[in-house]
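Engineer: Next comes the structure file protein02.csv, holding CSV, C-alpha atoms and all ligand atoms.
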chain,number,residue,atom,x,y,z
A,1,MET,CA,-10.1,-23.0,22.7
A,2,LYS,CA,-12.8,-24.7,20.7
A,3,PRO,CA,-11.8,-26.3,17.3
A,4,ILE,CA,-11.8,-24.0,14.3
A,5,GLU,CA,-14.4,-26.1,12.4
A,6,GLU,CA,-16.9,-25.0,15.1
A,7,ILE,CA,-17.1,-21.5,13.6
A,8,LYS,CA,-19.1,-22.9,10.7
A,9,PRO,CA,-22.5,-21.7,12.1
A,10,LEU,CA,-21.0,-18.3,12.8
A,11,LEU,CA,-20.3,-17.9,9.1
A,12,GLU,CA,-23.8,-18.7,7.9
A,13,ALA,CA,-25.2,-15.2,8.0
A,14,PRO,CA,-23.3,-12.1,6.8
A,15,LYS,CA,-21.2,-10.4,9.5
A,16,LYS,CA,-18.8,-7.5,10.0
A,17,MET,CA,-15.3,-8.9,10.8
A,18,VAL,CA,-11.7,-8.0,10.9
A,19,ILE,CA,-8.6,-10.1,10.1
A,20,THR,CA,-5.3,-9.0,11.6
A,21,MET,CA,-1.7,-10.2,11.8
A,22,HIS,CA,1.6,-9.5,13.6
A,23,GLN,CA,3.4,-6.2,13.1
A,24,LYS,CA,5.8,-5.9,10.2
A,25,PRO,CA,4.0,-8.8,8.5
A,26,ASP,CA,5.9,-11.3,6.4
A,27,ALA,CA,4.6,-13.2,3.4
A,28,ASP,CA,2.9,-15.8,5.7
A,29,ALA,CA,1.1,-13.2,7.8
A,30,MET,CA,-0.1,-11.3,4.7
A,31,GLY,CA,-0.7,-14.4,2.6
A,32,SER,CA,-2.7,-16.2,5.2
A,33,SER,CA,-4.8,-13.1,6.1
A,34,LEU,CA,-5.5,-12.3,2.5
A,35,ALA,CA,-6.4,-15.9,1.6
A,36,LEU,CA,-8.9,-15.9,4.5
A,37,TYR,CA,-10.2,-12.6,3.3
A,38,HIS,CA,-10.8,-13.9,-0.3
A,39,TYR,CA,-12.7,-16.8,1.2
A,40,LEU,CA,-14.8,-14.8,3.6
A,41,ILE,CA,-15.9,-12.2,1.1
A,42,GLN,CA,-17.2,-15.0,-1.2
A,43,LYS,CA,-19.3,-16.1,1.8
A,44,GLY,CA,-20.9,-12.6,1.8
A,45,HIS,CA,-19.2,-11.1,4.8
A,46,GLN,CA,-18.0,-7.5,5.3
A,47,VAL,CA,-14.3,-8.1,5.9
A,48,THR,CA,-11.4,-5.7,6.6
A,49,VAL,CA,-7.8,-6.7,6.8
A,50,ILE,CA,-5.7,-4.6,9.2
A,51,SER,CA,-1.9,-4.7,9.5
A,52,PRO,CA,-0.5,-3.2,12.7
A,53,THR,CA,2.2,-1.5,10.7
A,54,ASN,CA,3.3,-1.1,7.1
A,55,PHE,CA,4.4,-4.1,5.1
A,56,PRO,CA,7.2,-4.8,2.6
A,57,ASP,CA,6.9,-3.7,-1.0
A,58,PHE,CA,7.6,-7.2,-2.3
A,59,LEU,CA,4.2,-8.2,-0.9
A,60,LYS,CA,2.2,-5.5,-2.8
A,61,TRP,CA,1.5,-7.8,-5.7
A,62,MET,CA,-0.7,-10.0,-3.5
A,63,PRO,CA,-4.4,-9.9,-4.5
A,64,GLY,CA,-6.2,-7.7,-2.0
A,65,ALA,CA,-3.0,-6.1,-0.6
A,66,GLU,CA,-4.1,-2.6,-1.8
A,67,GLY,CA,-7.1,-2.8,0.6
A,68,VAL,CA,-5.1,-3.7,3.7
A,69,ILE,CA,-5.2,-0.9,6.3
A,70,ASP,CA,-2.0,0.1,8.0
A,71,PHE,CA,-3.0,0.7,11.7
A,72,GLU,CA,0.0,3.0,12.3
A,73,SER,CA,-0.6,5.4,9.4
A,74,SER,CA,-4.4,5.1,9.2
A,75,THR,CA,-5.5,4.6,12.8
A,76,ASP,CA,-8.9,6.3,12.4
A,77,LYS,CA,-9.8,4.1,9.4
A,78,ALA,CA,-8.7,1.0,11.3
A,79,MET,CA,-10.7,2.0,14.4
A,80,GLU,CA,-13.7,2.5,12.2
A,81,ALA,CA,-13.3,-1.0,10.7
A,82,LEU,CA,-13.0,-2.5,14.2
A,83,LYS,CA,-16.2,-0.8,15.4
A,84,ASP,CA,-19.1,-3.2,16.1
A,85,ILE,CA,-17.3,-6.2,14.6
A,86,GLU,CA,-18.7,-9.6,15.5
A,87,LEU,CA,-15.6,-11.7,14.7
A,88,LEU,CA,-11.9,-11.0,14.9
A,89,PHE,CA,-9.5,-13.3,13.2
A,90,CYS,CA,-5.8,-13.3,14.5
A,91,LEU,CA,-3.4,-14.8,12.0
A,92,ASP,CA,0.3,-15.8,12.3
A,93,PHE,CA,0.7,-14.6,15.9
A,94,ASN,CA,-0.6,-15.8,19.2
A,95,ALA,CA,0.1,-13.1,21.7
A,96,LEU,CA,-1.7,-9.7,21.4
A,97,TYR,CA,1.5,-7.7,22.2
A,98,ARG,CA,2.8,-8.7,18.7
A,99,THR,CA,0.3,-6.2,17.2
A,100,LYS,CA,2.2,-3.4,18.8
A,101,ASN,CA,0.0,-0.2,19.2
A,102,MET,CA,-3.1,-2.1,18.2
A,103,ALA,CA,-2.9,-4.5,21.1
A,104,PRO,CA,-5.0,-2.5,23.7
A,105,HIS,CA,-7.7,-2.0,21.0
A,106,LEU,CA,-7.8,-5.7,20.2
A,107,GLU,CA,-8.0,-6.5,23.9
A,108,ALA,CA,-10.9,-4.0,24.4
A,109,VAL,CA,-13.0,-5.0,21.4
A,110,LYS,CA,-16.1,-7.1,22.4
A,111,CYS,CA,-16.4,-9.9,19.9
A,112,THR,CA,-15.6,-13.5,19.2
A,113,LYS,CA,-11.8,-13.9,18.8
A,114,ILE,CA,-10.5,-16.6,16.6
A,115,LEU,CA,-6.9,-17.8,16.3
A,116,ILE,CA,-5.2,-19.4,13.3
A,117,ASP,CA,-1.5,-19.8,14.0
A,118,HIS,CA,1.5,-22.1,14.2
A,119,HIS,CA,3.7,-20.5,16.9
A,120,LEU,CA,4.5,-22.1,20.2
A,121,GLU,CA,2.7,-21.3,23.5
A,122,PRO,CA,-0.5,-19.4,22.5
A,123,GLN,CA,-2.1,-17.0,24.9
A,124,PRO,CA,-5.6,-17.9,26.2
A,125,ASP,CA,-7.4,-15.0,24.5
A,126,PHE,CA,-9.2,-16.9,21.9
A,127,GLU,CA,-12.6,-18.6,21.9
A,128,TYR,CA,-12.1,-20.7,18.7
A,129,GLY,CA,-9.1,-21.5,16.7
A,130,VAL,CA,-6.3,-23.7,15.5
A,131,SER,CA,-2.8,-23.6,17.0
A,132,ASP,CA,-0.7,-26.2,15.2
A,133,THR,CA,3.0,-25.9,15.7
A,134,SER,CA,3.6,-28.8,13.2
A,135,ALA,CA,2.1,-26.8,10.4
A,136,SER,CA,4.6,-25.3,7.8
A,137,SER,CA,2.8,-22.0,7.8
A,138,THR,CA,-0.3,-20.2,8.9
A,139,ALA,CA,-1.2,-20.2,5.2
A,140,GLN,CA,-1.4,-24.0,5.2
A,141,LEU,CA,-3.7,-23.8,8.2
A,142,VAL,CA,-6.0,-21.4,6.4
A,143,TYR,CA,-6.1,-23.9,3.5
A,144,GLU,CA,-6.9,-26.8,5.8
A,145,THR,CA,-9.6,-24.7,7.7
A,146,ILE,CA,-11.4,-24.0,4.4
A,147,TYR,CA,-11.4,-27.8,3.8
A,148,LYS,CA,-12.6,-28.5,7.3
A,149,LEU,CA,-15.5,-26.1,6.7
A,150,GLY,CA,-16.4,-28.1,3.6
A,151,ASP,CA,-15.8,-25.0,1.4
A,152,GLU,CA,-13.0,-26.1,-0.8
A,153,LYS,CA,-15.0,-25.0,-3.9
A,154,PHE,CA,-14.2,-21.4,-2.8
A,155,ILE,CA,-10.4,-21.9,-3.3
A,156,ASN,CA,-9.8,-19.7,-6.3
A,157,LEU,CA,-6.6,-18.4,-7.9
A,158,ASP,CA,-6.4,-15.4,-5.5
A,159,ILE,CA,-6.5,-17.7,-2.5
A,160,ALA,CA,-4.1,-20.2,-4.1
A,161,GLN,CA,-1.5,-17.5,-4.7
A,162,CYS,CA,-1.7,-16.1,-1.2
A,163,ILE,CA,-1.5,-19.5,0.4
A,164,TYR,CA,1.5,-20.5,-1.8
A,165,ALA,CA,3.3,-17.3,-1.0
A,166,GLY,CA,3.0,-17.9,2.8
A,167,THR,CA,4.0,-21.5,2.5
A,168,VAL,CA,7.0,-21.1,0.2
A,169,THR,CA,8.6,-18.4,2.4
A,170,ASP,CA,7.9,-20.0,5.8
A,171,THR,CA,9.4,-23.4,4.5
A,172,GLY,CA,12.5,-21.7,3.1
A,173,SER,CA,11.3,-22.8,-0.4
A,174,PHE,CA,10.2,-26.2,0.8
A,175,ARG,CA,13.5,-26.9,2.6
A,176,PHE,CA,12.7,-27.0,6.3
A,177,ALA,CA,11.5,-30.2,8.1
A,178,SER,CA,8.0,-28.7,8.3
A,179,THR,CA,7.7,-29.4,4.6
A,180,THR,CA,5.6,-32.6,4.9
A,181,ALA,CA,4.0,-34.7,2.3
A,182,ARG,CA,0.8,-32.9,3.3
A,183,VAL,CA,2.4,-29.6,2.2
A,184,HIS,CA,3.4,-30.9,-1.2
A,185,ARG,CA,-0.2,-32.4,-1.7
A,186,MET,CA,-1.6,-29.0,-0.9
A,187,VAL,CA,0.7,-27.3,-3.4
A,188,ALA,CA,-0.3,-29.9,-6.0
A,189,ASP,CA,-4.0,-29.1,-5.3
A,190,LEU,CA,-3.2,-25.3,-5.7
A,191,MET,CA,-1.5,-26.0,-9.0
A,192,ASP,CA,-4.6,-27.9,-10.2
A,193,ARG,CA,-6.5,-24.8,-9.4
A,194,GLY,CA,-4.4,-22.7,-11.8
A,195,LEU,CA,-1.5,-21.6,-9.6
A,196,ARG,CA,1.7,-20.6,-11.5
A,197,HIS,CA,4.4,-20.9,-8.9
A,198,GLU,CA,7.2,-19.3,-10.9
A,199,ILE,CA,5.4,-16.0,-11.0
A,200,ILE,CA,5.1,-15.9,-7.2
A,201,HIS,CA,8.8,-16.8,-6.9
A,202,GLN,CA,9.7,-13.9,-9.1
A,203,GLU,CA,7.4,-11.5,-7.3
A,204,ILE,CA,9.0,-12.4,-3.9
A,205,TYR,CA,12.6,-13.2,-4.6
A,206,ASP,CA,13.5,-11.2,-7.8
A,207,ASN,CA,12.1,-7.9,-6.8
A,208,PHE,CA,14.8,-6.1,-4.9
A,209,LEU,CA,16.5,-2.8,-5.5
A,210,GLU,CA,20.3,-2.6,-6.1
A,211,ASN,CA,20.9,-1.1,-2.6
A,212,ARG,CA,19.6,-4.2,-0.9
A,213,LEU,CA,22.1,-6.4,-2.6
A,214,ARG,CA,24.9,-3.9,-1.8
A,215,PHE,CA,23.8,-4.0,1.8
A,216,LEU,CA,23.9,-7.8,1.8
A,217,GLY,CA,27.5,-7.7,0.5
A,218,HIS,CA,28.5,-5.1,3.0
A,219,SER,CA,26.9,-6.9,5.9
A,220,LEU,CA,28.5,-10.3,5.2
A,221,LEU,CA,31.9,-8.7,4.6
A,222,ASN,CA,32.0,-6.2,7.5
A,223,ARG,CA,29.4,-7.0,10.1
A,224,MET,CA,29.6,-10.8,10.5
A,225,GLU,CA,31.3,-12.5,13.4
A,226,VAL,CA,31.7,-16.3,13.7
A,227,PHE,CA,32.2,-18.0,17.0
A,228,TYR,CA,33.4,-21.4,16.0
A,229,GLU,CA,33.8,-22.6,19.6
A,230,TYR,CA,30.0,-22.1,20.0
A,231,ASN,CA,29.0,-23.1,16.5
A,232,THR,CA,27.3,-19.7,16.3
A,233,ALA,CA,27.4,-16.8,13.8
A,234,MET,CA,26.2,-13.3,14.3
A,235,LEU,CA,25.4,-10.2,12.2
A,236,ALA,CA,25.2,-6.9,14.1
A,237,ILE,CA,23.8,-4.0,12.0
A,238,PRO,CA,24.1,-0.5,13.3
A,239,TYR,CA,21.4,2.0,12.6
A,240,SER,CA,23.8,4.0,10.4
A,241,ASP,CA,23.8,1.1,7.9
A,242,LEU,CA,20.0,1.2,7.6
A,243,LYS,CA,20.3,4.9,6.7
A,244,ARG,CA,23.3,4.5,4.4
A,245,PHE,CA,21.6,1.8,2.3
A,246,ASP,CA,18.2,3.4,2.6
A,247,LEU,CA,16.7,0.2,3.8
A,248,GLN,CA,12.9,-0.3,3.8
A,249,THR,CA,10.6,-2.6,5.7
A,250,GLY,CA,11.4,-6.2,4.6
A,251,ASP,CA,14.9,-5.5,3.2
A,252,THR,CA,16.6,-7.4,6.1
A,253,GLU,CA,14.4,-10.4,5.7
A,254,GLY,CA,16.2,-13.7,4.9
A,255,LEU,CA,19.6,-12.2,5.8
A,256,VAL,CA,20.0,-14.3,9.0
A,257,ASN,CA,19.6,-17.5,6.9
A,258,PHE,CA,22.9,-16.9,5.1
A,259,LEU,CA,24.8,-17.5,8.3
A,260,LEU,CA,23.4,-21.0,8.7
A,261,SER,CA,25.1,-22.0,5.4
A,262,ILE,CA,28.5,-21.8,7.0
A,263,GLN,CA,29.7,-25.4,7.7
A,264,GLY,CA,29.1,-26.5,11.3
A,265,ILE,CA,27.1,-23.5,12.3
A,266,LYS,CA,24.1,-24.4,14.5
A,267,MET,CA,22.8,-21.0,15.5
A,268,ALA,CA,22.6,-17.7,13.7
A,269,ALA,CA,21.6,-14.3,15.1
A,270,LEU,CA,20.8,-11.1,13.3
A,271,ILE,CA,20.9,-8.1,15.6
A,272,ILE,CA,19.6,-4.8,14.2
A,273,ASP,CA,19.6,-1.4,15.8
A,274,ARG,CA,16.2,0.0,14.7
A,275,ASN,CA,16.8,3.2,16.6
A,276,SER,CA,13.7,2.8,18.8
A,277,GLU,CA,14.8,-0.7,19.9
A,278,VAL,CA,17.2,-3.4,19.0
A,279,LYS,CA,15.5,-6.3,17.1
A,280,LEU,CA,16.9,-9.8,17.2
A,281,SER,CA,16.3,-12.7,14.9
A,282,PHE,CA,17.5,-16.3,15.7
A,283,ARG,CA,17.7,-19.4,13.5
A,284,SER,CA,19.0,-22.8,14.4
A,285,LYS,CA,19.6,-26.2,12.8
A,286,GLY,CA,18.9,-29.4,14.6
A,287,ASN,CA,18.3,-29.6,18.3
A,288,PHE,CA,19.1,-26.1,19.6
A,289,ASP,CA,15.9,-24.5,20.7
A,290,VAL,CA,15.9,-20.8,19.8
A,291,ASN,CA,12.3,-20.3,21.0
A,292,THR,CA,13.4,-20.9,24.6
A,293,PHE,CA,16.6,-18.9,24.0
A,294,ALA,CA,14.6,-15.9,22.7
A,295,ARG,CA,12.1,-16.1,25.6
A,296,ARG,CA,14.8,-16.4,28.2
A,297,TYR,CA,17.1,-13.7,27.2
A,298,PHE,CA,15.3,-11.3,24.8
A,299,GLU,CA,11.6,-11.1,25.7
A,300,GLY,CA,10.7,-13.0,22.5
A,301,GLY,CA,9.6,-16.3,21.1
A,302,GLY,CA,8.6,-18.0,17.9
A,303,HIS,CA,9.4,-21.5,16.8
A,304,PHE,CA,12.0,-24.2,17.8
A,305,ASN,CA,14.3,-23.3,14.9
A,306,ALA,CA,13.3,-19.7,14.1
A,307,SER,CA,12.5,-17.0,16.7
A,308,GLY,CA,12.9,-13.4,17.5
A,309,GLY,CA,13.2,-11.0,20.3
A,310,ARG,CA,14.1,-7.4,21.2
A,311,SER,CA,16.2,-5.3,23.6
A,312,THR,CA,16.0,-1.7,24.8
A,313,ASP,CA,19.8,-1.6,25.5
A,314,SER,CA,22.2,-0.1,23.0
A,315,LEU,CA,23.4,-2.3,20.1
A,316,GLU,CA,26.8,-2.8,21.8
A,317,LYS,CA,25.3,-3.8,25.1
A,318,THR,CA,22.8,-6.1,23.3
A,319,VAL,CA,25.6,-7.8,21.4
A,320,ASN,CA,27.5,-8.4,24.7
A,321,ARG,CA,24.4,-9.8,26.3
A,322,PHE,CA,24.0,-12.1,23.3
A,323,ILE,CA,27.6,-13.4,23.5
A,324,LYS,CA,27.2,-14.0,27.2
A,325,ALA,CA,23.9,-15.9,26.6
A,326,VAL,CA,25.7,-18.0,23.9
A,327,GLU,CA,28.5,-18.8,26.4
A,328,GLU,CA,25.9,-19.9,29.0
A,329,ASN,CA,24.4,-22.3,26.3
A,330,GLU,CA,27.8,-23.7,25.3
A,331,THR,CA,26.9,-27.4,26.0
A,332,LEU,CA,23.6,-27.2,24.2
A,333,LEU,CA,25.4,-25.7,21.1
A,334,GLN,CA,27.9,-28.6,20.7
B,1,LIG,P1,11.9,-13.1,12.3
B,1,LIG,O1,13.2,-13.4,12.8
B,1,LIG,O2,11.7,-13.5,10.9
B,1,LIG,O3,11.4,-11.7,12.7
B,1,LIG,O4,10.9,-14.1,13.2
B,1,LIG,C1,11.2,-15.4,13.3
B,1,LIG,C2,10.0,-16.1,14.0
B,1,LIG,O5,9.9,-15.7,15.4
B,1,LIG,C3,8.7,-15.7,13.4
B,1,LIG,O6,7.8,-16.8,13.4
B,1,LIG,C4,8.1,-14.6,14.3
B,1,LIG,O7,6.8,-14.6,14.3
B,1,LIG,C5,8.7,-15.0,15.6
B,1,LIG,N1,9.1,-13.8,16.4
B,1,LIG,C6,9.9,-12.7,16.0
B,1,LIG,N2,10.0,-11.8,16.9
B,1,LIG,C7,9.2,-12.2,18.0
B,1,LIG,C8,9.0,-11.6,19.2
B,1,LIG,O8,9.4,-10.5,19.6
B,1,LIG,N3,8.1,-12.4,20.0
B,1,LIG,C9,7.6,-13.6,19.7
B,1,LIG,N4,6.8,-14.2,20.5
B,1,LIG,N5,7.9,-14.1,18.5
B,1,LIG,C10,8.7,-13.5,17.6
B,2,MN,MN,4.2,-18.0,9.8
Let me see the file written as structure tokens.
Structural biologist:
Amino acid sequence: MKPIEEIKPLLEAPKKMVITMHQKPDADAMGSSLALYHYLIQKGHQVTVISPTNFPDFLKWMPGAEGVIDFESSTDKAMEALKDIELLFCLDFNALYRTKNMAPHLEAVKCTKILIDHHLEPQPDFEYGVSDTSASSTAQLVYETIYKLGDEKFINLDIAQCIYAGTVTDTGSFRFASTTARVHRMVADLMDRGLRHEIIHQEIYDNFLENRLRFLGHSLLNRMEVFYEYNTAMLAIPYSDLKRFDLQTGDTEGLVNFLLSIQGIKMAALIIDRNSEVKLSFRSKGNFDVNTFARRYFEGGGHFNASGGRSTDSLEKTVNRFIKAVEENETLLQ
């Protein structure tokens, strides 16, 4: 993969291009994609942002979110946008299967593919890009890419807000080890450009409906199990809970982090029966590698301390498989 700054000549003349992200995008996937969008349109390009699926309501405030095409519900429109593109930007994922039903179309499209991402073990599908696992977020990498291209004058308030949103969420509000001095310097620069961080926090964190809080209480009280001998905590959510609390995309985000606040817990798992499949989220503290764990047992991956996977077994069977996997990792979890 050639370094991202080498795309500079490709951006000189106006081109038709698409930016896409992983399915069920989070604030970093959407924020980095929209930040890049606001940069590229200022350069005169014809840019469409496509999400493989819908995205959570709490991201609808993002400048440009109203123009994002949902591949699942507007497939024809998305296919039209993909037709004859010269550049495809893939943000916040590094394996095409993470775009779900869009994956075969992305594989087939004949154009230059560019990666901007911070997950481990990228697939070799990309001609140009940056894959930096030390970056706090893909949003940070978009910011640094704009600088590398010598175009920092284009960083306006829209871009600043999108970059901040991706960074604040992926760093757990500047808590995780990935929050380097570089990250804080970037945020200072964004504030110099007019960013008001408190507004973004309110949009993202103070925007839930009552049912989501009730669901949180119910889950922590009735669905949590703690395995102290393995320093592990688990939440297993049946499909009936999703229906009962009328949960929408994004409503379970952040739930897994609560488990890590229990004293001594090194690994947390959120296991949700989404009806079509069981989705798993893993988080760890310190030296337990949940990327390897997700890859080995649940066809997944991600980062060292945050990863995800899936299972086609029933919830009960998946939970049993998870407990067995934890037992196998007993020594690593001490
Ligand atoms: P989350 O638990 O928030 O869905 O995901 C945690 C991290 O793991 C994110 O960085 C996400 O991109 C990654 N991740 C989640 N699910 C999968 C998966 O099925 N495969 C891979 N490779 N990564 C995943
Ligand atoms: Mn990310």
Engineer: Give the answer as one residue: which of A:Glu203, A:Asp28, A:Asp76, A:Asp246 has the shortest atom-to-atom distance to ligand LIG 1 (chain B), using all atoms listed in the file?
Structural biologist: A:Asp28
Engineer: Could you produce a table of the residues of chain A lying within 6 Å of ligand MN 2 (chain B), with the nearest pair of atoms per residue and their separation in Å rounded to one decimal, using only C-alpha atoms and all ligand atoms, ordered by chain and increasing residue number, as a tab-separated table?
Structural biologist:
residue	atom	partner	partner_atom	distance
A:Asp28	CA	B:MN2	MN	4.8
A:Asp92	CA	B:MN2	MN	5.1
A:Ser137	CA	B:MN2	MN	4.7
A:Thr138	CA	B:MN2	MN	5.1
A:Asp170	CA	B:MN2	MN	5.8
Engineer: As an exercise, work out the distance from CA of Val168 (chain A) to CA of Val47 (chain A) in Å and give it to one decimal place.
Structural biologist: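 Distance reported for this atom pair: 25.6 Å.
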Engineer: Tell me, as a ChimeraX atom specification, which residues lie within 7 Å of region 101-116 of chain A, counting only C-alpha atoms; anything in the same chain fewer than 6 positions away does not count.
Structural biologist: /A:52,85-92,126-131,138,141
Engineer: Counting all atoms listed in the file, which residues of region 110-217 of chain A fall within 12 Å of region 264-285 of chain A, and what is the closest atom pair for each with its distance in Å at one decimal, ordered by chain and rising number, as CSV?
Structural biologist:
residue,atom,partner,partner_atom,distance
A:Gly172,CA,A:Arg283,CA,11.9
A:Arg175,CA,A:Lys285,CA,11.9
A:Phe176,CA,A:Lys285,CA,9.5
A:Ala177,CA,A:Lys285,CA,10.2
Engineer: Per residue of chain A within 8 Å of ligand LIG 1 (chain B), note the shortest atom pair and the distance in Å to one decimal, counting all atoms listed in the file, and order the rows by chain and increasing residue number, as JSON lines.
Structural biologist:
{"residue": "A:His22", "atom": "CA", "partner": "B:LIG1", "partner_atom": "O7", "distance": 7.3}
{"residue": "A:Asp26", "atom": "CA", "partner": "B:LIG1", "partner_atom": "O2", "distance": 7.7}
{"residue": "A:Asp92", "atom": "CA", "partner": "B:LIG1", "partner_atom": "O7", "distance": 6.9}
{"residue": "A:Phe93", "atom": "CA", "partner": "B:LIG1", "partner_atom": "O7", "distance": 6.3}
{"residue": "A:Asn94", "atom": "CA", "partner": "B:LIG1", "partner_atom": "N4", "distance": 7.7}
{"residue": "A:Ala95", "atom": "CA", "partner": "B:LIG1", "partner_atom": "N4", "distance": 6.9}
{"residue": "A:Arg98", "atom": "CA", "partner": "B:LIG1", "partner_atom": "N3", "distance": 6.6}
{"residue": "A:His119", "atom": "CA", "partner": "B:LIG1", "partner_atom": "O6", "distance": 6.5}
{"residue": "A:Glu253", "atom": "CA", "partner": "B:LIG1", "partner_atom": "O2", "distance": 6.6}
{"residue": "A:Gly254", "atom": "CA", "partner": "B:LIG1", "partner_atom": "O2", "distance": 7.5}
{"residue": "A:Val256", "atom": "CA", "partner": "B:LIG1", "partner_atom": "O1", "distance": 7.8}
{"residue": "A:Leu270", "atom": "CA", "partner": "B:LIG1", "partner_atom": "O1", "distance": 8.0}
{"residue": "A:Lys279", "atom": "CA", "partner": "B:LIG1", "partner_atom": "N2", "distance": 7.8}
{"residue": "A:Leu280", "atom": "CA", "partner": "B:LIG1", "partner_atom": "O1", "distance": 6.8}
{"residue": "A:Ser281", "atom": "CA", "partner": "B:LIG1", "partner_atom": "O1", "distance": 3.8}
{"residue": "A:Phe282", "atom": "CA", "partner": "B:LIG1", "partner_atom": "O1", "distance": 5.9}
{"residue": "A:Arg283", "atom": "CA", "partner": "B:LIG1", "partner_atom": "O1", "distance": 7.5}
{"residue": "A:Asn291", "atom": "CA", "partner": "B:LIG1", "partner_atom": "O5", "distance": 7.6}
{"residue": "A:Ala294", "atom": "CA", "partner": "B:LIG1", "partner_atom": "N3", "distance": 7.9}
{"residue": "A:Arg295", "atom": "CA", "partner": "B:LIG1", "partner_atom": "N4", "distance": 7.6}
{"residue": "A:Phe298", "atom": "CA", "partner": "B:LIG1", "partner_atom": "O8", "distance": 7.9}
{"residue": "A:Glu299", "atom": "CA", "partner": "B:LIG1", "partner_atom": "O8", "distance": 6.5}
{"residue": "A:Gly300", "atom": "CA", "partner": "B:LIG1", "partner_atom": "N3", "distance": 3.7}
{"residue": "A:Gly301", "atom": "CA", "partner": "B:LIG1", "partner_atom": "N4", "distance": 3.6}
{"residue": "A:Gly302", "atom": "CA", "partner": "B:LIG1", "partner_atom": "O5", "distance": 3.6}
{"residue": "A:His303", "atom": "CA", "partner": "B:LIG1", "partner_atom": "O5", "distance": 6.0}
{"residue": "A:Ala306", "atom": "CA", "partner": "B:LIG1", "partner_atom": "C1", "distance": 4.9}
{"residue": "A:Ser307", "atom": "CA", "partner": "B:LIG1", "partner_atom": "O5", "distance": 3.2}
{"residue": "A:Gly308", "atom": "CA", "partner": "B:LIG1", "partner_atom": "N2", "distance": 3.4}
{"residue": "A:Gly309", "atom": "CA", "partner": "B:LIG1", "partner_atom": "O8", "distance": 3.9}
{"residue": "A:Arg310", "atom": "CA", "partner": "B:LIG1", "partner_atom": "O8", "distance": 5.9}
Engineer: Could you write out that same residue set with C-alpha atoms as a PDB file, in the coordinates of the input?
Structural biologist:
ATOM      1  CA  HIS A  22       1.600  -9.500  13.600  1.00  0.00           C
ATOM      2  CA  ASP A  26       5.900 -11.300   6.400  1.00  0.00           C
ATOM      3  CA  ASP A  92       0.300 -15.800  12.300  1.00  0.00           C
ATOM      4  CA  PHE A  93       0.700 -14.600  15.900  1.00  0.00           C
ATOM      5  CA  ASN A  94      -0.600 -15.800  19.200  1.00  0.00           C
ATOM      6  CA  ALA A  95       0.100 -13.100  21.700  1.00  0.00           C
ATOM      7  CA  ARG A  98       2.800  -8.700  18.700  1.00  0.00           C
ATOM      8  CA  HIS A 119       3.700 -20.500  16.900  1.00  0.00           C
ATOM      9  CA  GLU A 253      14.400 -10.400   5.700  1.00  0.00           C
ATOM     10  CA  GLY A 254      16.200 -13.700   4.900  1.00  0.00           C
ATOM     11  CA  VAL A 256      20.000 -14.300   9.000  1.00  0.00           C
ATOM     12  CA  LEU A 270      20.800 -11.100  13.300  1.00  0.00           C
ATOM     13  CA  LYS A 279      15.500  -6.300  17.100  1.00  0.00           C
ATOM     14  CA  LEU A 280      16.900  -9.800  17.200  1.00  0.00           C
ATOM     15  CA  SER A 281      16.300 -12.700  14.900  1.00  0.00           C
ATOM     16  CA  PHE A 282      17.500 -16.300  15.700  1.00  0.00           C
ATOM     17  CA  ARG A 283      17.700 -19.400  13.500  1.00  0.00           C
ATOM     18  CA  ASN A 291      12.300 -20.300  21.000  1.00  0.00           C
ATOM     19  CA  ALA A 294      14.600 -15.900  22.700  1.00  0.00           C
ATOM     20  CA  ARG A 295      12.100 -16.100  25.600  1.00  0.00           C
ATOM     21  CA  PHE A 298      15.300 -11.300  24.800  1.00  0.00           C
ATOM     22  CA  GLU A 299      11.600 -11.100  25.700  1.00  0.00           C
ATOM     23  CA  GLY A 300      10.700 -13.000  22.500  1.00  0.00           C
ATOM     24  CA  GLY A 301       9.600 -16.300  21.100  1.00  0.00           C
ATOM     25  CA  GLY A 302       8.600 -18.000  17.900  1.00  0.00           C
ATOM     26  CA  HIS A 303       9.400 -21.500  16.800  1.00  0.00           C
ATOM     27  CA  ALA A 306      13.300 -19.700  14.100  1.00  0.00           C
ATOM     28  CA  SER A 307      12.500 -17.000  16.700  1.00  0.00           C
ATOM     29  CA  GLY A 308      12.900 -13.400  17.500  1.00  0.00           C
ATOM     30  CA  GLY A 309      13.200 -11.000  20.300  1.00  0.00           C
ATOM     31  CA  ARG A 310      14.100  -7.400  21.200  1.00  0.00           C
TER      32      ARG A 310
END
Engineer: Between CA of Lys60 (chain A) and CA of Tyr97 (chain A), measure the distance and give it in Å to one decimal.
Structural biologist: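 It comes out at 25.1 Å.
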Engineer: Would you compute the distance between CA of Tyr39 (chain A) and CA of Met21 (chain A)? Give it in Å to one decimal.
Structural biologist: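 Between CA of Tyr39 (chain A) and CA of Met21 (chain A) the gap is 16.6 Å.
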Engineer: Residues at most 8 Å from region 314-329 of chain A, counting all atoms listed in the file, excluding those fewer than 2 positions away in the same chain, as a PyMOL selection string?
Structural biologist: chain A and resi 230+232+236+238+271-273+278+297+311-312+331-333
Engineer: Could you write out that same residue set with C-alpha atoms as a compact mmCIF listing (two decimals), in the coordinates of the input?
Structural biologist:
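File written: selection_31.txt
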# COMPACT_ATOMS: atom_id res chain seq x y z
CA TYR A 230 30.00 -22.10 20.00
CA THR A 232 27.30 -19.70 16.30
CA ALA A 236 25.20 -6.90 14.10
CA PRO A 238 24.10 -0.50 13.30
CA ILE A 271 20.90 -8.10 15.60
CA ILE A 272 19.60 -4.80 14.20
CA ASP A 273 19.60 -1.40 15.80
CA VAL A 278 17.20 -3.40 19.00
CA TYR A 297 17.10 -13.70 27.20
CA SER A 311 16.20 -5.30 23.60
CA THR A 312 16.00 -1.70 24.80
CA THR A 331 26.90 -27.40 26.00
CA LEU A 332 23.60 -27.20 24.20
CA LEU A 333 25.40 -25.70 21.10
